[in-house]
Structure formats: structure tokens, C-alpha cells
>>> print(open('final36.cif').read())   # mmCIF, C-alpha atoms
data_my_file
loop_
_atom_site.label_atom_id
_atom_site.label_comp_id
_atom_site.auth_asym_id
_atom_site.auth_seq_id
_atom_site.Cartn_x
_atom_site.Cartn_y
_atom_site.Cartn_z
CA MET A 172 33.64 -44.30 18.44
CA ALA A 173 33.45 -40.63 19.33
CA GLN A 174 33.88 -37.37 17.49
CA PHE A 175 37.06 -37.00 15.46
CA GLU A 176 39.78 -34.83 16.92
CA ILE A 177 43.01 -33.54 15.42
CA LYS A 178 45.83 -33.62 17.96
CA GLU A 179 49.05 -31.81 17.13
CA GLY A 180 48.20 -31.87 13.45
CA GLU A 181 47.58 -35.62 13.33
CA ILE A 182 44.72 -38.07 13.39
CA LYS A 183 44.51 -41.84 13.13
CA VAL A 184 41.52 -43.28 11.29
CA SER A 185 40.74 -46.89 10.72
CA LYS A 186 38.02 -47.40 8.16
CA GLU A 187 36.59 -49.68 5.51
CA LEU A 188 37.84 -48.24 2.23
CA ASN A 189 35.28 -47.13 -0.33
CA ASP A 190 36.09 -46.75 -4.04
CA ILE A 191 37.00 -43.07 -3.63
CA ASP A 192 39.37 -43.83 -0.72
CA SER A 193 41.12 -46.53 -2.78
CA PHE A 194 41.45 -44.16 -5.72
CA VAL A 195 42.96 -41.45 -3.49
CA ILE A 196 45.46 -43.89 -1.97
CA LYS A 197 46.58 -45.11 -5.42
CA THR A 198 47.05 -41.60 -6.78
CA THR A 199 48.71 -40.03 -3.75
CA ASP A 200 51.10 -43.01 -3.52
CA ILE A 201 52.41 -41.90 -6.92
CA ILE A 202 52.39 -38.14 -6.28
CA LYS A 203 54.29 -38.37 -2.99
CA LYS A 204 57.33 -39.77 -4.84
CA TYR A 205 57.69 -36.49 -6.72
CA THR A 206 56.31 -33.67 -4.61
CA GLU A 207 54.28 -32.71 -1.54
CA TYR A 208 50.50 -32.57 -1.77
CA VAL A 209 47.46 -31.46 0.21
CA ILE A 210 43.98 -32.84 -0.41
CA VAL A 211 41.33 -30.14 -0.15
CA SER A 212 37.59 -29.56 -0.23
CA GLY A 213 34.92 -32.25 -0.78
CA TYR A 214 37.01 -35.36 -0.24
CA VAL A 215 38.05 -34.11 3.20
CA ALA A 216 34.37 -34.20 4.22
CA ILE A 217 33.79 -37.53 2.45
CA PHE A 218 36.81 -39.10 4.12
CA PHE A 219 35.45 -38.17 7.53
CA GLY A 220 32.09 -39.75 6.86
CA ARG A 221 30.01 -37.48 4.63
CA SER A 222 27.58 -39.72 2.76
CA ARG A 223 27.93 -38.44 -0.78
CA ILE A 224 30.03 -39.23 -3.81
CA SER A 225 32.26 -36.91 -5.74
CA GLU A 226 33.46 -36.99 -9.32
CA ASP A 227 36.69 -35.21 -8.52
CA VAL A 228 39.21 -35.12 -5.75
CA ASP A 229 40.91 -31.73 -5.52
CA ILE A 230 44.52 -31.58 -4.55
CA PHE A 231 47.27 -28.98 -4.41
CA ILE A 232 50.78 -30.10 -5.31
CA LYS A 233 53.94 -28.19 -4.50
CA GLU A 234 55.90 -26.61 -7.34
CA LEU A 235 57.99 -29.22 -9.20
CA SER A 236 60.34 -29.05 -12.18
CA LEU A 237 59.27 -30.05 -15.67
CA GLU A 238 61.59 -33.07 -15.46
CA LYS A 239 60.00 -34.25 -12.22
CA PHE A 240 56.55 -33.64 -13.68
CA LYS A 241 57.41 -35.75 -16.73
CA GLU A 242 58.54 -38.57 -14.42
CA MET A 243 55.31 -38.33 -12.46
CA TYR A 244 53.31 -38.26 -15.70
CA SER A 245 54.96 -41.50 -16.88
CA ASP A 246 54.54 -43.14 -13.48
CA PHE A 247 50.79 -42.51 -13.67
CA THR A 248 50.48 -43.81 -17.24
CA LYS A 249 52.57 -46.92 -16.43
CA ASN A 250 50.21 -47.61 -13.54
CA GLY A 251 47.06 -47.56 -15.64
CA PHE A 252 46.03 -43.93 -15.49
CA GLU A 253 45.26 -41.48 -18.25
CA TRP A 254 45.61 -37.70 -18.33
CA ILE A 255 43.28 -35.08 -19.68
CA ILE A 256 45.90 -34.33 -22.36
CA GLU A 257 48.52 -36.81 -23.57
CA ASP A 258 51.33 -34.31 -23.68
CA PRO A 259 53.26 -33.69 -20.45
CA LEU A 260 54.94 -30.55 -21.78
CA GLU A 261 51.63 -28.92 -22.68
CA LEU A 262 50.06 -30.08 -19.41
CA TYR A 263 52.90 -28.56 -17.44
CA LYS A 264 53.36 -25.28 -19.32
CA GLU A 265 49.88 -24.45 -20.55
CA TYR A 266 47.84 -25.82 -17.68
CA LEU A 267 49.64 -26.45 -14.40
CA LYS A 268 51.91 -23.39 -14.53
CA LYS A 269 49.04 -21.16 -15.61
CA GLY A 270 46.91 -22.20 -12.65
CA THR A 271 44.52 -24.54 -14.46
CA PRO A 272 43.84 -27.87 -12.73
CA ILE A 273 44.94 -31.00 -14.57
CA GLY A 274 42.94 -34.19 -14.36
CA VAL A 275 44.08 -37.78 -14.16
CA TRP A 276 41.92 -40.92 -13.87
CA GLU A 277 42.14 -44.68 -14.14
CA ASN A 278 42.01 -45.93 -17.74
CA GLY A 279 38.44 -46.02 -18.97
CA ALA A 280 37.02 -44.67 -15.70
CA PRO A 281 36.88 -40.86 -15.96
CA LEU A 282 33.97 -40.83 -13.54
CA LEU A 283 36.44 -40.48 -10.69
CA ARG A 284 39.11 -37.90 -11.39
CA LEU A 285 41.99 -36.37 -9.47
CA ASP A 286 42.29 -32.65 -10.22
CA MET A 287 45.66 -31.28 -9.23
CA LYS A 288 46.86 -27.71 -9.31
CA LEU A 289 49.70 -25.55 -8.04
CA PRO A 290 49.05 -23.12 -5.20
CA LYS A 291 48.92 -19.48 -6.33
CA GLU A 292 47.26 -17.59 -3.47
CA LEU A 293 48.77 -16.99 -0.05
CA SER A 294 46.06 -19.14 1.55
CA GLN A 295 46.81 -21.99 -0.86
CA HIS A 296 50.54 -21.90 -0.04
CA GLY A 297 49.60 -21.77 3.62
CA LEU A 298 47.74 -25.08 3.34
CA PHE A 299 51.09 -26.85 3.20
CA ASN A 300 52.04 -25.44 6.61
CA SER A 301 48.75 -26.23 8.31
CA LYS A 302 48.04 -29.57 6.62
CA ILE A 303 47.02 -32.52 8.78
CA LYS A 304 48.61 -35.93 8.74
CA VAL A 305 45.97 -38.64 8.46
CA GLU A 306 47.03 -42.16 9.28
CA LEU A 307 44.57 -44.36 7.44
CA ASN A 308 45.03 -48.07 8.12
CA ASN A 309 48.63 -48.42 6.84
CA HIS A 310 48.67 -45.32 4.68
CA ILE A 311 49.44 -41.68 5.25
CA LEU A 312 47.36 -38.97 3.62
CA TRP A 313 47.91 -35.22 3.84
CA MET A 314 44.81 -33.11 4.03
CA ALA A 315 43.89 -29.47 4.46
CA ASP A 316 43.02 -28.68 8.05
CA ILE A 317 39.35 -28.92 8.95
CA GLU A 318 39.05 -25.23 9.86
CA SER A 319 40.21 -24.07 6.41
CA THR A 320 37.90 -26.58 4.73
CA ILE A 321 34.90 -25.32 6.70
CA ALA A 322 35.83 -21.67 6.08
CA TYR A 323 36.22 -22.20 2.34
CA LYS A 324 32.92 -24.02 2.04
CA GLU A 325 30.98 -21.50 4.11
CA GLU A 326 32.56 -18.32 2.79
CA ILE A 327 33.45 -19.03 -0.87
CA ALA A 328 31.95 -22.22 -2.29
CA LYS A 329 28.54 -21.88 -0.58
CA SER A 330 26.59 -24.36 -2.73
CA ASP A 331 24.04 -26.61 -1.05
CA LYS A 332 26.53 -29.49 -1.21
CA ASP A 333 29.33 -27.36 0.29
CA ILE A 334 27.20 -26.06 3.14
CA LYS A 335 26.21 -29.62 4.00
CA ASP A 336 29.87 -30.71 3.87
CA SER A 337 30.69 -28.01 6.37
CA GLN A 338 27.70 -28.88 8.59
CA HIS A 339 28.83 -32.49 8.59
CA LEU A 340 32.40 -31.57 9.55
CA ARG A 341 31.12 -29.34 12.35
CA LEU A 342 29.07 -32.24 13.70
CA VAL A 343 31.69 -34.98 13.56
CA PHE A 344 34.71 -32.99 14.79
CA LYS A 345 35.30 -31.72 18.26
CA ASN A 346 37.47 -28.84 19.46
CA LEU A 347 37.34 -26.91 16.21
CA ASP A 348 39.10 -23.57 16.43
CA GLU A 349 36.45 -20.95 15.60
CA THR A 350 39.00 -18.10 15.65
CA LYS A 351 41.00 -19.94 13.02
CA ILE A 352 37.85 -20.42 10.92
CA LYS A 353 37.15 -16.67 11.12
CA ARG A 354 40.73 -15.84 10.12
CA TYR A 355 40.54 -18.19 7.13
CA LYS A 356 37.21 -16.73 6.08
CA SER A 357 38.60 -13.23 6.08
CA LEU A 358 41.68 -14.28 4.08
CA PHE A 359 39.61 -16.21 1.53
CA LYS A 360 37.27 -13.26 1.16
CA GLN A 361 40.16 -10.85 0.55
CA GLU A 362 41.63 -13.13 -2.11
CA PHE A 363 38.25 -13.73 -3.70
CA ASN A 364 37.44 -10.00 -3.86
CA LYS A 365 40.86 -9.27 -5.38
CA HIS A 366 39.95 -11.51 -8.34
CA ALA A 367 36.38 -10.26 -8.52
CA ARG A 368 37.57 -6.67 -9.10
CA MET B 1166 7.21 -35.27 8.87
CA HIS B 1167 9.78 -32.55 9.10
CA GLY B 1168 8.19 -29.51 7.49
CA LYS B 1169 9.84 -28.08 4.38
CA PRO B 1170 11.28 -30.58 1.85
CA ASN B 1171 14.79 -29.29 2.57
CA SER B 1172 14.57 -30.05 6.25
CA TYR B 1173 14.27 -33.75 5.58
CA ARG B 1174 17.78 -33.66 4.15
CA GLU B 1175 18.98 -31.63 7.12
CA PHE B 1176 17.44 -34.27 9.35
CA PHE B 1177 19.24 -37.03 7.47
CA LEU B 1178 22.54 -35.15 7.63
CA LYS B 1179 22.29 -34.85 11.41
CA LYS B 1180 21.17 -38.47 11.82
CA TRP B 1181 24.01 -39.71 9.66
CA ALA B 1182 26.61 -37.57 11.48
CA ASP B 1183 25.31 -39.05 14.76
CA TYR B 1184 25.70 -42.51 13.28
CA VAL B 1185 29.32 -41.73 12.27
CA ILE B 1186 30.30 -40.55 15.74
CA SER B 1187 28.52 -43.31 17.62
CA ASN B 1188 29.43 -46.40 15.58
CA GLU B 1189 32.91 -47.88 15.22
CA ASN B 1190 32.01 -49.43 11.88
CA TRP B 1191 30.31 -46.41 10.28
CA SER B 1192 32.63 -46.70 7.27
CA VAL B 1193 31.19 -50.11 6.29
CA LEU B 1194 27.85 -48.47 5.62
CA GLN B 1195 29.48 -45.47 4.00
CA ALA B 1196 31.48 -47.72 1.64
CA LYS B 1197 28.33 -49.63 0.65
CA PHE B 1198 26.48 -46.39 0.03
CA ILE B 1199 29.26 -44.68 -1.95
CA ASN B 1200 30.21 -47.76 -3.97
CA ALA B 1201 26.59 -48.38 -4.90
CA GLN B 1202 26.22 -44.80 -6.10
CA ILE B 1203 29.39 -45.07 -8.19
CA LYS B 1204 28.25 -48.38 -9.68
CA ASN B 1205 24.90 -46.87 -10.53
CA ILE B 1206 26.44 -43.86 -12.28
CA LYS B 1207 28.95 -46.07 -14.12
CA SER B 1208 26.16 -48.22 -15.56
CA ARG B 1209 24.19 -45.13 -16.58
CA ASP B 1210 27.32 -43.72 -18.26
CA LEU B 1211 27.79 -46.98 -20.12
CA GLU B 1212 24.22 -46.83 -21.41
CA LEU B 1213 24.81 -43.24 -22.50
CA LEU B 1214 28.01 -44.20 -24.31
CA LYS B 1215 26.24 -47.04 -26.11
CA ARG B 1216 23.43 -44.69 -27.12
CA GLU B 1217 25.91 -42.06 -28.31
CA GLU B 1218 27.73 -44.66 -30.37
CA GLU B 1219 24.44 -45.76 -31.92
CA LEU B 1220 23.53 -42.18 -32.75
CA GLY B 1221 27.00 -41.71 -34.22
CA TRP B 1222 26.55 -44.67 -36.57
CA MET B 1223 23.09 -43.47 -37.56
CA ALA B 1224 24.41 -40.02 -38.39
CA LEU B 1225 27.23 -41.56 -40.39
CA SER B 1226 24.89 -43.77 -42.39
CA GLU B 1227 22.59 -40.80 -43.10
CA GLN B 1228 25.57 -38.82 -44.29
CA SER B 1229 26.79 -41.59 -46.59
CA LEU B 1230 23.29 -42.04 -48.03
CA LYS B 1231 23.06 -38.32 -48.68
CA GLU B 1232 26.47 -38.33 -50.32
CA GLY B 1233 25.39 -41.27 -52.44
CA TRP B 1234 22.24 -39.55 -53.68
CA ASP B 1235 23.79 -36.14 -54.22
CA ASN B 1236 27.01 -37.28 -55.79
CA PRO B 1237 27.29 -35.84 -59.36
CA ILE B 1238 29.73 -38.60 -60.34
CA ASP B 1239 27.15 -41.23 -59.45
CA GLU B 1240 24.63 -39.26 -61.46
CA LYS B 1241 26.89 -39.43 -64.51
CA VAL B 1242 27.38 -43.16 -64.10
CA TRP B 1243 23.62 -43.61 -63.77
CA ASN B 1244 22.90 -41.58 -66.91
CA LYS B 1245 25.49 -43.54 -68.83
CA TYR B 1246 23.83 -46.73 -67.66
CA LEU B 1247 20.43 -45.48 -68.79
CA GLN B 1248 21.75 -44.47 -72.22
CA LYS B 1249 23.51 -47.78 -72.64
CA ASN B 1250 20.35 -49.67 -71.80
CA LYS B 1251 18.21 -47.60 -74.18
CA LYS B 1252 20.43 -48.70 -77.03
#
>>> encode(input="final36.cif", output="C-alpha cells")
Amino acid sequence: MAQFEIKEGEIKVSKELNDIDSFVIKTTDIIKKYTEYVIVSGYVAIFFGRSRISEDVDIFIKELSLEKFKEMYSDFTKNGFEWIIEDPLELYKEYLKKGTPIGVWENGAPLLRLDMKLPKELSQHGLFNSKIKVELNNHILWMADIESTIAYKEEIAKSDKDIKDSQHLRLVFKNLDETKIKRYKSLFKQEFNKHAR
Amino acid sequence: MHGKPNSYREFFLKKWADYVISNENWSVLQAKFINAQIKNIKSRDLELLKREEELGWMALSEQSLKEGWDNPIDEKVWNKYLQKNKK
């Protein structure tokens, strides 16, 4: 084993699945039938070896119609998941469309939650263009690129946990593009300051 | 030791990252570690739920006792009973 490396936007990883990995595979297997997604933030670091747990997996999903959302909602409930609110119309109109993340978890196990939201900012839309394809055993996962994850954690999130996530990613990945990280940092900062005003 | 308390965690982070990049089967250890943490939290949550349920029942029984004592209808029934028994 050596450091991880993304080549042409792809990486193959073979690993023993932990409970969070299995949860992510189950949920993204449903989401991908209805829309595109990108996994962001903490789980990206955890997937690539960070030794901590997380209560939520953050994910951006691409805009989808109410009808498609209702189908996805039912698919989740049929497969043993429950939503933060049992009303797909309210979830879609009052939460998702207004930029609030919506949570879904396996029945009776809210400890591990998938929080999905629609991209609003330029940088969030951009994640779909720069996402990386991760081939995990026989599955495919789409994740935010490592540079944007590091930039977000170092420039915006900044908690002890986030800084350690970014340190971990810097240690286990090779050939990271520092110019890209700088560019992301400046974009995130601009967007953050726009909201802070 | 490694100086400030924080630096121990830094030391662990670096050690663990080294382990990840130098061992093919790093994820076996990671899975054990993560799954154990989840199991631990789940059992703590369960205890908390049980405790909350207990507290809920206690609050409910206190409320019903209070209602019983303060209920004016019950008071009337009691007075009637007393009068009846005096006769």
C-alpha cells in the first residue's frame, strides 16, 4: 500500500467495509436511481482512512422534480429508512428547495444519518464537475475532490475535527494540487463573506 | 511523552496516517475501531432512551396523582361519602 492518488478523476479502493461505508453504499444506491450526488466533507476523510466516526454523512444532490423526489422518498421508506419528516411534499418544498438539509436514516437507528441538500452556491454546483469517481470493491461512489475538501475544512469549517480531517488527507494523498486548494479557499471565503454581510 | 496534551493526538494522527499508507489491510483495523465506537454510542443511547422513558412514566404518575388530589369532583364525592357515613 502507498499513498492514495487520484488519476484522471478516478481512484480504485479495496477495503473492509465499516458500518458507515455500508450505510453510504445502501443510501447512494437508492439516490443514484433518481439524481446525481456528491459526497462531501467528513465522510471523504473517513473513507480514506481517518479514524473517527461521524453521525452524519453530508451529500449534495442535483436538482430533481417533486415527482422524482416523491419516488425517491418512497424507495427509501420501502427499503427500511425513515425521514426527518413523514411528508415528502413538505420535505421538498419547505426544506430541500429552501436550502435546508434533509435527513434520512435506517429505521430505529438515527445515530447514523444521511443529510442531503441541493447546491446553491457556485462552488457547490462546481462540485458536480470536479467530483471524483471512487471504485470501492464492486460499487461506485461519487465524492468531492480532495482539494475542495481540504480547502473547505481549512478555510471555513476550521473546528479541531475538521483541521485533523484535512491533516489526515494531506498525509495519505500524494500529488495534491496546492494551486487548486488556494483557488477553492478564495472562492469559499468570498461566498462565506457574502452571507456574513 | 509528547509535550502539550494536544500534541499526543497530533502524534496519533500522524502514526495512524502512516499505518494507512503502509498497510494493505489498514481498513480492517479502521472497521473494528469505527464499528466499536458506533456500538458503544448505540448502547449508551439505548440506556438514555430507557431512562427517558422511565422519567416520562414517573412524570405521568406524578401528574395523575396531583390531578387525583386536586380534583374538585373527587372532593365532592369524598364529602358525600363522609356525610353518608355520618348518618
>>> interface_residues(input="final36.cif", of="chain B", to="chain A", cutoff="9 Å", atoms="all atoms listed in the file", output="list in words")
Glu1175, Leu1178, Lys1179, Trp1181, Ala1182, Asp1183, Val1185, Ile1186, Ser1187, Asn1188, Glu1189, Asn1190, Trp1191, Ser1192, Val1193, Leu1194, Gln1195, Ala1196, Lys1197, Phe1198, Ile1199, Asn1200, Gln1202, Ile1203, Ile1206, Lys1207 and Asp1210 of chain B
>>> write_last_selection(input="final36.cif", atoms="C-alpha atoms", output="JSON list (two decimals), in the coordinates of the input")
[["chain", "number", "residue", "atom", "x", "y", "z"],
["B", 1175, "GLU", "CA", 18.98, -31.63, 7.12],
["B", 1178, "LEU", "CA", 22.54, -35.15, 7.63],
["B", 1179, "LYS", "CA", 22.29, -34.85, 11.41],
["B", 1181, "TRP", "CA", 24.01, -39.71, 9.66],
["B", 1182, "ALA", "CA", 26.61, -37.57, 11.48],
["B", 1183, "ASP", "CA", 25.31, -39.05, 14.76],
["B", 1185, "VAL", "CA", 29.32, -41.73, 12.27],
["B", 1186, "ILE", "CA", 30.30, -40.55, 15.74],
["B", 1187, "SER", "CA", 28.52, -43.31, 17.62],
["B", 1188, "ASN", "CA", 29.43, -46.40, 15.58],
["B", 1189, "GLU", "CA", 32.91, -47.88, 15.22],
["B", 1190, "ASN", "CA", 32.01, -49.43, 11.88],
["B", 1191, "TRP", "CA", 30.31, -46.41, 10.28],
["B", 1192, "SER", "CA", 32.63, -46.70, 7.27],
["B", 1193, "VAL", "CA", 31.19, -50.11, 6.29],
["B", 1194, "LEU", "CA", 27.85, -48.47, 5.62],
["B", 1195, "GLN", "CA", 29.48, -45.47, 4.00],
["B", 1196, "ALA", "CA", 31.48, -47.72, 1.64],
["B", 1197, "LYS", "CA", 28.33, -49.63, 0.65],
["B", 1198, "PHE", "CA", 26.48, -46.39, 0.03],
["B", 1199, "ILE", "CA", 29.26, -44.68, -1.95],
["B", 1200, "ASN", "CA", 30.21, -47.76, -3.97],
["B", 1202, "GLN", "CA", 26.22, -44.80, -6.10],
["B", 1203, "ILE", "CA", 29.39, -45.07, -8.19],
["B", 1206, "ILE", "CA", 26.44, -43.86, -12.28],
["B", 1207, "LYS", "CA", 28.95, -46.07, -14.12],
["B", 1210, "ASP", "CA", 27.32, -43.72, -18.26]]
>>> resolve_selection(input="final36.cif", expression="the PyMOL selection byres ((chain A and resi 235) around 12)", output="number ranges by chain")
A: 202-208, 231-234, 236-243, 263-264, 267-268, 288-290
>>> atom_distance(input="final36.cif", atom1="atom CA of A:Lys356", atom2="atom CA of A:Ala322")
5.1 Å
>>> resolve_selection(input="final36.cif", expression="the PyMOL selection byres ((chain A and resi 299) around 10)", output="list of chain:residue names")
A:Glu207, A:Tyr208, A:Val209, A:Ile210, A:Phe231, A:Ile232, A:Lys233, A:Pro290, A:Ser294, A:Gln295, A:His296, A:Gly297, A:Leu298, A:Asn300, A:Ser301, A:Lys302, A:Ile303, A:Trp313, A:Met314, A:Ala315, A:Asp316
>>> residues_around(input="final36.cif", residues="A:Ser357", least_positions_apart="5", cutoff="12 Å", atoms="only C-alpha atoms", output="PyMOL selection string")
chain A and resi 294+319+322-323+325-327+350-352+362-364
